[in-house]
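> Take this structure, written in structure tokens, and hold onto it; I'll ask about it next.
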Amino acid sequence: MSTIRWIEDHTQQSARWHSENATPLPKRTVVADDRVKAADAYRLACEGTALLWRGDFHNARHLLRAIGRRVDRKAPGPGSSPGETFLRNRQHSRHRARVLGKVLVLLDDGYTLALRRAPDVRQACLEAYGPPTGPTAVPLRELLGVIGAHQWRAKGVDVPALGSRIHPHYGVFAPVRGEYVDLVARAPLPPATRRAPATSTAFDLGTGTGVLAAVLAARGIDRIVATDISARALACARENTHRLALADRVEVWGPGLFPEGRADLVVCNPPWLPARPTGPVEQGVYDPDGTMLRGFLTGLAGHLRPGGEGWLVLSDLAEHLGLRTRQELLDAVHAAGLHVAGRIDTRPRHPRSRDVTDPLHAARSAETTSLWRLTAGPPRQGGAVPSPPSGSRHRQPLRYAMRTS
């Protein structure tokens, strides 16, 4: 256990240090309150000194925003390519997180935040951190994320394809990008599954909140095994499965990627960018070296029943950013002994795709999310489905793309 130490009232104090984003223990910590100037706080944070806040809670939030504005004044300009622009922005995001992570607050035993005008954060911290283990210092920025996650968990996210709500936990990617859910809800089921859905089995790999497993159950598939490597995701999926009264049909299994056995349908919506995440929530977006994508492709053929399909739900944003080519994706598919039986495309609907101030707007505005229908063994009659050029656009909200190579 790491311990943070500081001097307060001429006495050395200490507390347990905790950071969900693996922020290293500050080398030096000073006490700060409402009298500190944003310029001084910014300078100290850039030098690596943490500020343990003892003033008003809302003033601490204002200070955090003021520091953030100063960091953003030095945001990098566009690179010579989309990939370079992406890397510059990732580096800036990491620097921003390091600087903002230097504003700390102290949670007393029992997760009480003893600051003026502070909200009651006990339940939010209990959900994110587990049982308290004594006074704990945490970055304010991360605590605000914990509070926001608690609100998401209580309210839930409406999923039209289910006619219900999914309740995400802290550190589990919320189904706010509905296009990938709609793809799974509308894609034609494999022939064997369509003939006898009540006796079919499906795997949902990397289930997260369990939303896709619930969608498959809503489509009539009798047995779904939902897997994940994250303990938080497994707990979240189990809770949502029980909330939706699907515990008798959806088995939550893990930690791991593939469960034992074979299935008529294997669905995987891996993180779409091959880069390193900076925190738990980003694990739903960034997949270092494409590890999960490769694991799905290489293991799929050995887990499909005859006539079964694997559904790879994947954005092509990495291609537009130059992080992966379409040919590299197809080569990985073919190297795994798989064939593309069809593909369904849809355009993104999330706000960032329309944000013209985003340095990556050109890539995001060209993004397409696809459901690749993969089969094992010889190609089905009609051949495989090649991809369009990386920069091609599909203006329809959702279209079925059945192509031949």
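Every chain in the structure tokens has a letter given in the order shown (A, B, ...), and although residue numbers restart at 1 in each chain, ligands are simply numbered from 1 in the order shown.
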Please identify every residue of segment 37-60 of chain A that has at least one atom no farther than 10 Å from an atom of segment 10-31 of chain A, counting only C-alpha atoms, and for each give the shortest atom pair and the distance in Å to one decimal, arranged by chain then increasing number, as JSON lines.


```
{"residue": "A:Leu44", "atom": "CA", "partner": "A:Val30", "partner_atom": "CA", "distance": 9.5}
{"residue": "A:Ala45", "atom": "CA", "partner": "A:Pro26", "partner_atom": "CA", "distance": 9.9}
{"residue": "A:Glu47", "atom": "CA", "partner": "A:Arg28", "partner_atom": "CA", "distance": 9.8}
{"residue": "A:Gly48", "atom": "CA", "partner": "A:Pro26", "partner_atom": "CA", "distance": 6.9}
{"residue": "A:Thr49", "atom": "CA", "partner": "A:Arg28", "partner_atom": "CA", "distance": 5.1}
{"residue": "A:Ala50", "atom": "CA", "partner": "A:Thr29", "partner_atom": "CA", "distance": 4.6}
{"residue": "A:Leu51", "atom": "CA", "partner": "A:Val30", "partner_atom": "CA", "distance": 5.2}
{"residue": "A:Leu52", "atom": "CA", "partner": "A:Val31", "partner_atom": "CA", "distance": 4.8}
{"residue": "A:Trp53", "atom": "CA", "partner": "A:Val31", "partner_atom": "CA", "distance": 6.2}
{"residue": "A:Arg54", "atom": "CA", "partner": "A:Val31", "partner_atom": "CA", "distance": 6.9}
{"residue": "A:Gly55", "atom": "CA", "partner": "A:Val31", "partner_atom": "CA", "distance": 9.6}
```

> Give me the residues near segment 60-65 of chain A as a list in words, where near means some atom within 8 Å (using only C-alpha atoms) and where sequence neighbours in that chain fewer than 2 positions away do not count.

Asp34, Ala38, Trp53, Gly55, Asp56, Phe57, His58, Ile67, Gly68, Arg69, Leu100, Val103 and Arg141 of chain A

> With distances taken over only C-alpha atoms, which of A:Thr278, A:Pro175, A:Gly156, A:Pro191 is nearest to Gln91 of chain A?

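Going through A:Thr278, A:Pro175, A:Gly156, A:Pro191 one by one, the smallest distance to Gln91 of chain A is for A:Thr278.
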
> How would you write, as an NGL selection string, the set of residues in segment 52-291 of chain A that DSSP gives as strand (DSSP E)?

:A and (52-53 or 103-107 or 136-139 or 157-159 or 164-166 or 201-205 or 223-227 or 250-253 or 263-268)

> Residues of segment 11-47 of chain A that approach segment 70-74 of chain A to 10 Å or less, counting only C-alpha atoms: could you list each one with the shortest pair of atoms and its distance in Å to one decimal, rows by chain and increasing residue number, as JSON lines?


```
{"residue": "A:Ala38", "atom": "CA", "partner": "A:Arg70", "partner_atom": "CA", "distance": 9.0}
{"residue": "A:Ala39", "atom": "CA", "partner": "A:Arg70", "partner_atom": "CA", "distance": 8.3}
{"residue": "A:Tyr42", "atom": "CA", "partner": "A:Arg70", "partner_atom": "CA", "distance": 7.4}
{"residue": "A:Arg43", "atom": "CA", "partner": "A:Arg70", "partner_atom": "CA", "distance": 9.9}
{"residue": "A:Cys46", "atom": "CA", "partner": "A:Val71", "partner_atom": "CA", "distance": 9.3}
```

> At a cut-off of 8 Å, can you tabulate as a tab-separated table every residue of segment 296-378 of chain A near segment 255-272 of chain A together with its closest atom pair and the distance in Å to one decimal, using only C-alpha atoms and ordering rows by chain then number?


```
residue	atom	partner	partner_atom	distance
A:Phe296	CA	A:Cys268	CA	7.3
A:Gly299	CA	A:Phe258	CA	7.6
A:Leu300	CA	A:Val266	CA	7.6
A:Gly302	CA	A:Arg262	CA	7.4
A:His303	CA	A:Arg262	CA	4.2
A:Leu304	CA	A:Arg262	CA	5.0
A:Arg305	CA	A:Asp264	CA	5.4
A:Pro306	CA	A:Asp264	CA	7.6
A:Gly307	CA	A:Asp264	CA	7.2
A:Gly308	CA	A:Asp264	CA	4.3
A:Glu309	CA	A:Leu265	CA	5.1
A:Gly310	CA	A:Val266	CA	4.6
A:Trp311	CA	A:Val267	CA	4.7
A:Leu312	CA	A:Cys268	CA	5.2
A:Val313	CA	A:Asn269	CA	4.7
A:Leu314	CA	A:Trp272	CA	6.0
A:Ser315	CA	A:Trp272	CA	5.8
A:Asp316	CA	A:Trp272	CA	7.4
A:Leu317	CA	A:Trp272	CA	7.2
A:Ala318	CA	A:Trp272	CA	6.8
```

> If you measure from atom CA of His92 of chain A to atom CA of Gly279 of chain A, what distance in Å do you get, rounded to one decimal?

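So the two atoms, atom CA of His92 of chain A and atom CA of Gly279 of chain A, lie 14.8 Å apart.
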
> Segment 128-138 of chain A: which residues within 6 Å, counting only C-alpha atoms, same-chain residues fewer than 2 positions away excluded, as JSON, numbers by chain?

{"A": [15, 16, 17, 18, 104, 105, 106, 107, 108, 109, 110, 125, 126, 170]}
